[in-house]
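Student: Below you will find the structure I want to go over with you.
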Amino acid sequence: MNNSQTIRADVAIVGAGPAGIAAATVAAESGKSVVLLDDNPQPGGQIWRGGAAAAKGSAAQWLARLARTSVHLIGDARVFNADGMTLFAEVRGNAVRVAAQKIILATGSRERFLPFPGWTLPNVMGAGAFQALMKTGLPVSGKRVVIAGTGPLLLAVASYAVERGANVVAIAEQTSWLRFLGFGISTSLVPGKAREAIRLLWQLRHIPQYKSCWPVAACGRNTLESVRLSHGGTSANVPCDYLACGYHLVPCVELAQLLGCRILDGFVATNDLQQSSMPNVYSAGEPTGIGGVELSLLEGEIAGHSAADQFAAAKDLFRRRSLARRNVRAIARAFALREELKSIWQDETILCRCEDVSFGKVRTMDSWRAAKLHTRCGMGPCQGRICGGATEFLFGWNVGLPRPPLFPVSCSSLRQTLTESDLSNSQGVSQ
Amino acid sequence: MPDRLTVRVNGETIEVEAGTTAAVASLIARVPSRTSVMGQPRTPFCGMGVCFECRMIIDGIPHSKSCQILVRPGMDIRTDE
């Protein structure tokens, strides 16, 4: 019955974005056996999407360095459960066990979404999502695009869309000009960033950019036709083909929670060595703080060195990491969500996209748990990953601890994760 | 891999570039990726395998997250069942 494959490694790393790639590379270079798992077909994560073929600059250097190591990279691998130091992943329909001495969590982040009327219409999507779809073949030449939400990602997405011939008709950023300029100035002090900022400003100089501006409705009969933007107390209708809207990022900490790691203010708590409260579990990159690719790489390297007991090499990077961490605070301050965004929904607006649960049903509940039990909000296949982040901001709810499986998987994969003790005490499993 | 290849979306043959995801193939074919509980059409939303709005039947396998699956020549993508 139990035909799952078990892979043993000194270090298992979850997430092959910049942090995971750096961690895997340096740990392997120290002679450790390393397994690197990612749920995408190719390494790179969201920011270096597309693997080696699409890579430039530091992405290309890191991917080439990774390729020279003995790291066992497993793509299409969704880690859905853990038992002690064993991870369970579903890989193209088959369960794979990875038993490791050390685990490094580099699970990245996802976009925060705030529901508004019409956000479920076809061709309304996340800002990062729009970039991901462009990178994987979506033709946008001549398409009218509104980019909205908040965060440094919006300008990067706009730039990418313009380079592919899109007609970006508006960039709507919810933060104020004052906060935005403050961020611009603090970022320009980081070497290399000033040039990138000037390039973006020049490239986007003809595109209408609004601050203190956000979408209040997406309109259209069966698909998106226009977006209503609120700006300076009035609203304007902007016709468009795509709305790319995301309210910055939330860390993916579900696996860390499942492994028992302490979470502090939503992020995995780590010490100088990137070690979590669980001594053999480390975390690097966005799960420990949203700070961009440079910080993720440094944290990944430190975690990789630490997990390989190369403490001197880890310590050599502490100073650069503390400089890069200034960015975390600057981003959080500049792109904090404004109070007005708490009232852009209406009773008929869908909150939970999986189960089509409207705000009218959920707003009378007093907790996330009550909403789940009474309305099915958060009970669909995304397991609350989309609506949960919204309720944290909108209602101040605590989404709480995840339960395995972390993703929907086949019954045969689930069965592989059952231990002898589960089978003898099947109460928790049979529900 | 050829630069362009053909796949079927709900029975219609379309040509896409290699490296395209099945999710993007459905957008190019202008078909919703799924119909919601209340009957609304939906298209890919998060683009990174989190939201499940893009789940489809790909080569007979239901609930496939199409935004994380690259097209292969002759791939059969269904969103209408």
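In the structure tokens, chains take letters A, B, ... by order of appearance, with residues numbered from 1 within each chain and ligands from 1 in the order shown.
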Enumerate as a CSV table (one decimal) with N, CA and C atoms, in the first residue's frame the residues belonging to chain A that approach chain B to within 10 Å, with only C-alpha atoms taken into account.
Tutor:
chain,number,residue,atom,x,y,z
A,39,ASP,N,6.8,24.4,-6.0
A,39,ASP,CA,5.6,24.0,-6.6
A,39,ASP,C,5.5,24.4,-8.1
A,40,ASN,N,6.4,25.2,-8.6
A,40,ASN,CA,6.4,25.6,-10.0
A,40,ASN,C,7.3,24.6,-10.8
A,41,PRO,N,7.1,24.5,-12.1
A,41,PRO,CA,7.9,23.6,-12.9
A,41,PRO,C,9.4,24.0,-12.9
A,42,GLN,N,9.7,25.3,-12.8
A,42,GLN,CA,11.1,25.7,-12.9
A,42,GLN,C,11.5,26.6,-11.7
A,45,GLY,N,11.2,31.2,-8.5
A,45,GLY,CA,10.1,31.8,-7.7
A,45,GLY,C,9.3,32.8,-8.6
A,46,GLN,N,8.6,33.7,-7.9
A,46,GLN,CA,7.8,34.7,-8.7
A,46,GLN,C,8.7,35.7,-9.4
A,50,GLY,N,10.5,31.6,-14.7
A,50,GLY,CA,10.9,31.2,-16.0
A,50,GLY,C,12.2,30.4,-16.0
A,76,ASP,N,7.4,21.1,-9.5
A,76,ASP,CA,6.0,20.7,-9.4
A,76,ASP,C,5.7,20.0,-8.1
A,78,ARG,N,4.4,20.2,-4.3
A,78,ARG,CA,3.6,21.0,-3.4
A,78,ARG,C,3.7,20.3,-2.0
A,92,ARG,N,3.3,15.8,-9.2
A,92,ARG,CA,2.6,15.2,-10.4
A,92,ARG,C,1.7,14.0,-10.0
A,93,GLY,N,1.0,14.1,-8.9
A,93,GLY,CA,0.1,13.1,-8.5
A,93,GLY,C,0.6,12.0,-7.6
A,110,ARG,N,2.6,36.0,-1.0
A,110,ARG,CA,1.6,36.1,-2.0
A,110,ARG,C,1.0,37.5,-1.9
A,111,GLU,N,0.1,37.9,-2.9
A,111,GLU,CA,-0.4,39.2,-2.9
A,111,GLU,C,-1.6,39.3,-1.9
A,112,ARG,N,-1.7,40.5,-1.3
A,112,ARG,CA,-2.9,40.7,-0.5
A,112,ARG,C,-4.0,41.3,-1.4
A,113,PHE,N,-5.2,40.7,-1.3
A,113,PHE,CA,-6.3,41.3,-2.1
A,113,PHE,C,-7.4,41.8,-1.2
A,119,TRP,N,-14.8,42.5,-8.4
A,119,TRP,CA,-13.5,42.0,-8.4
A,119,TRP,C,-13.4,40.5,-8.9
A,120,THR,N,-14.6,39.9,-9.0
A,120,THR,CA,-14.6,38.5,-9.5
A,120,THR,C,-14.8,38.4,-11.0
A,121,LEU,N,-15.0,39.6,-11.6
A,121,LEU,CA,-15.2,39.6,-13.1
A,121,LEU,C,-14.0,39.0,-13.8
A,122,PRO,N,-14.2,38.3,-14.9
A,122,PRO,CA,-13.1,37.9,-15.8
A,122,PRO,C,-12.2,39.1,-16.2
A,123,ASN,N,-10.9,38.8,-16.2
A,123,ASN,CA,-9.9,39.8,-16.6
A,123,ASN,C,-9.6,40.8,-15.5
A,124,VAL,N,-10.1,40.6,-14.3
A,124,VAL,CA,-9.6,41.3,-13.1
A,124,VAL,C,-8.7,40.3,-12.4
A,125,MET,N,-7.5,40.8,-12.0
A,125,MET,CA,-6.6,39.8,-11.4
A,125,MET,C,-5.6,40.6,-10.5
A,126,GLY,N,-4.7,39.9,-9.9
A,126,GLY,CA,-3.7,40.6,-9.1
A,126,GLY,C,-2.7,41.3,-9.9
A,127,ALA,N,-1.9,42.2,-9.3
A,127,ALA,CA,-0.9,43.0,-10.1
A,127,ALA,C,0.3,42.0,-10.4
A,128,GLY,N,0.7,41.3,-9.4
A,128,GLY,CA,1.8,40.3,-9.6
A,128,GLY,C,1.3,39.2,-10.5
A,129,ALA,N,0.0,38.9,-10.4
A,129,ALA,CA,-0.6,37.9,-11.2
A,129,ALA,C,-0.5,38.3,-12.7
A,130,PHE,N,-0.8,39.5,-13.0
A,130,PHE,CA,-0.7,40.0,-14.3
A,130,PHE,C,0.7,39.9,-14.9
A,131,GLN,N,1.7,40.2,-14.1
A,131,GLN,CA,3.1,40.1,-14.5
A,131,GLN,C,3.4,38.6,-14.7
A,132,ALA,N,2.9,37.7,-13.8
A,132,ALA,CA,3.2,36.3,-14.0
A,132,ALA,C,2.6,35.8,-15.3
A,133,LEU,N,1.4,36.2,-15.6
A,133,LEU,CA,0.7,35.7,-16.8
A,133,LEU,C,1.4,36.3,-18.0
A,134,MET,N,1.9,37.6,-18.0
A,134,MET,CA,2.6,38.1,-19.1
A,134,MET,C,3.9,37.3,-19.3
A,135,LYS,N,4.6,37.0,-18.2
A,135,LYS,CA,5.8,36.2,-18.3
A,135,LYS,C,5.6,34.8,-18.8
A,136,THR,N,4.4,34.3,-18.7
A,136,THR,CA,4.1,33.0,-19.2
A,136,THR,C,3.2,33.0,-20.4
A,137,GLY,N,3.3,34.1,-21.2
A,137,GLY,CA,2.8,34.1,-22.6
A,137,GLY,C,1.6,34.9,-22.8
A,138,LEU,N,1.0,35.6,-21.8
A,138,LEU,CA,-0.2,36.4,-22.1
A,138,LEU,C,0.2,37.6,-23.1
A,139,PRO,N,-0.5,37.7,-24.3
A,139,PRO,CA,-0.2,38.8,-25.2
A,139,PRO,C,-1.0,40.0,-24.7
A,222,ASN,N,-20.3,40.5,-18.7
A,222,ASN,CA,-19.8,39.2,-18.5
A,222,ASN,C,-18.3,39.2,-18.3
A,223,THR,N,-17.7,40.3,-18.6
A,223,THR,CA,-16.2,40.5,-18.5
A,223,THR,C,-15.9,41.9,-18.2
A,244,ALA,N,-5.2,45.0,-13.1
A,244,ALA,CA,-4.3,44.3,-12.3
A,244,ALA,C,-4.2,45.0,-11.0
A,245,CYS,N,-4.7,44.4,-9.9
A,245,CYS,CA,-4.8,45.1,-8.6
A,245,CYS,C,-4.4,44.2,-7.5
A,246,GLY,N,-3.4,44.6,-6.7
A,246,GLY,CA,-2.9,43.9,-5.6
A,246,GLY,C,-2.5,44.9,-4.5
A,353,ARG,N,-14.1,33.9,-2.8
A,353,ARG,CA,-14.3,33.6,-4.2
A,353,ARG,C,-14.6,32.1,-4.4
A,354,CYS,N,-13.9,31.2,-3.6
A,354,CYS,CA,-14.1,29.8,-3.8
A,354,CYS,C,-15.5,29.4,-3.6
A,355,GLU,N,-16.2,29.9,-2.5
A,355,GLU,CA,-17.5,29.4,-2.2
A,355,GLU,C,-18.6,30.5,-2.5
A,356,ASP,N,-18.2,31.6,-3.1
A,356,ASP,CA,-19.2,32.7,-3.4
A,356,ASP,C,-19.9,33.1,-2.2
A,357,VAL,N,-19.2,33.5,-1.1
A,357,VAL,CA,-19.8,34.0,0.1
A,357,VAL,C,-19.7,35.5,0.1
A,380,GLY,N,-13.1,26.8,0.9
A,380,GLY,CA,-12.9,26.3,-0.5
A,380,GLY,C,-11.5,25.8,-0.7
A,381,PRO,N,-11.1,25.5,-1.9
A,381,PRO,CA,-9.8,24.9,-2.2
A,381,PRO,C,-8.6,25.8,-1.8
A,382,CYS,N,-8.8,27.2,-1.8
A,382,CYS,CA,-7.7,28.0,-1.5
A,382,CYS,C,-7.5,28.1,0.0
A,383,GLN,N,-8.4,27.5,0.7
A,383,GLN,CA,-8.3,27.4,2.2
A,383,GLN,C,-8.1,28.7,2.9
A,384,GLY,N,-8.8,29.8,2.3
A,384,GLY,CA,-8.7,31.1,3.0
A,384,GLY,C,-7.5,31.9,2.7
A,385,ARG,N,-6.7,31.4,1.7
A,385,ARG,CA,-5.5,32.2,1.4
A,385,ARG,C,-5.8,33.5,0.7
A,386,ILE,N,-6.9,33.6,0.0
A,386,ILE,CA,-7.3,34.9,-0.6
A,386,ILE,C,-8.2,35.7,0.3
A,387,CYS,N,-9.3,35.2,0.8
A,387,CYS,CA,-10.2,36.0,1.7
A,387,CYS,C,-9.6,36.2,3.1
A,407,PHE,N,-2.6,22.0,1.1
A,407,PHE,CA,-3.3,22.2,-0.2
A,407,PHE,C,-4.2,21.0,-0.4
A,408,PRO,N,-5.2,21.1,-1.2
A,408,PRO,CA,-6.0,20.0,-1.6
A,408,PRO,C,-5.1,19.0,-2.3
A,409,VAL,N,-5.1,17.7,-1.9
A,409,VAL,CA,-4.3,16.7,-2.6
A,409,VAL,C,-5.2,15.4,-2.8
Student: I need the residues of chain B that end up classed as helix (DSSP H, G or I) by DSSP on the backbone, written out as a VMD selection string.
Tutor: chain B and resid 22 to 28 66 to 68
Student: Convert the current residue selection to file output with C-alpha atoms, as a compact mmCIF listing (two decimals), in the first residue's frame.
Tutor:
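Just written: out.txt:
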# COMPACT_ATOMS: atom_id res chain seq x y z
CA ALA B 22 -2.45 26.36 -19.71
CA ALA B 23 -4.02 29.29 -17.80
CA VAL B 24 -2.78 31.73 -20.42
CA ALA B 25 -3.98 29.40 -23.20
CA SER B 26 -7.50 29.70 -21.75
CA LEU B 27 -7.22 33.51 -21.70
CA ILE B 28 -6.02 33.52 -25.32
CA SER B 66 -3.36 25.64 -14.94
CA CYS B 67 -1.21 28.65 -13.99
CA GLN B 68 1.56 26.25 -12.93
Student: Mind giving me the straight-line distance from CA of Asp38 in chain A to CA of Ala77 in chain A in Å, one decimal?
Tutor: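 Between CA of Asp38 in chain A and CA of Ala77 in chain A the gap works out to 5.3 Å.
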Student: List the spatial neighbours of Trp368 in chain A as a count of residues only - criterion: any atom at most 10 Å away, only C-alpha atoms, same-chain residues fewer than 5 positions off excluded.
Tutor: 14
Student: Pick out the closest residue to Gly149 in chain A from this set: A:Tyr282, A:Trp214, A:Phe311, A:Phe318. Count only C-alpha atoms.
Tutor: A:Trp214
Student: With a distance cut-off of 10 Å and only C-alpha atoms, select the neighbouring residues of Ala52 in chain A, excluding the residue or stretch itself and same-chain residues fewer than 6 positions from it, and output the selection as a list in words.
Tutor: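 The residues satisfying every condition are Gln42, Pro43, Gly44, Ala59, Ala60, Gln61, Trp62, Leu63, Ala64 and Ala67 of chain A.
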Student: List the spatial neighbours of Gln174 in chain A as a ChimeraX atom specification - criterion: any atom at most 7 Å away, only C-alpha atoms, same-chain residues fewer than 2 positions off excluded.
Tutor: /A:149-150,172,176,211-214
Student: Take the residues from that selection and put them in a file with N, CA and C atoms, as a short mmCIF file (atom, residue, chain, number, x, y, z; two decimals), in the first residue's frame.
Tutor:
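Listed below is the output, selection29.cif:
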data_model
loop_
_atom_site.label_atom_id
_atom_site.label_comp_id
_atom_site.auth_asym_id
_atom_site.auth_seq_id
_atom_site.Cartn_x
_atom_site.Cartn_y
_atom_site.Cartn_z
N GLY A 149 -3.69 49.31 -6.66
CA GLY A 149 -3.37 48.67 -5.38
C GLY A 149 -2.32 49.47 -4.65
N THR A 150 -1.28 48.75 -4.20
CA THR A 150 -0.21 49.46 -3.51
C THR A 150 1.09 48.66 -3.56
N ALA A 172 -2.94 53.38 -10.32
CA ALA A 172 -3.64 53.93 -9.15
C ALA A 172 -3.01 53.36 -7.89
N SER A 176 -0.20 57.99 -0.30
CA SER A 176 -0.14 59.41 -0.68
C SER A 176 1.18 59.72 -1.40
N LYS A 211 -1.86 59.10 -7.04
CA LYS A 211 -1.63 58.64 -5.66
C LYS A 211 -2.92 58.93 -4.88
N SER A 212 -3.06 58.31 -3.70
CA SER A 212 -4.30 58.41 -2.93
C SER A 212 -5.49 58.04 -3.82
N CYS A 213 -5.34 57.00 -4.60
CA CYS A 213 -6.32 56.60 -5.61
C CYS A 213 -6.47 55.09 -5.58
N TRP A 214 -7.71 54.60 -5.66
CA TRP A 214 -7.92 53.15 -5.60
C TRP A 214 -9.20 52.76 -6.32
#
Student: Between A:Ser410, A:Ser58, A:Ser70, A:Thr375, single out the one closest to Val34 in chain A, counting only C-alpha atoms.
Tutor: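 Result for the nearest residue to Val34 in chain A: A:Ser70.
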Student: Can you work out which one of A:Ala194, A:Pro215, A:Cys411, A:Thr270 has the shortest atom-to-atom distance to Thr234 in chain A, counting only C-alpha atoms?
Tutor: A:Pro215
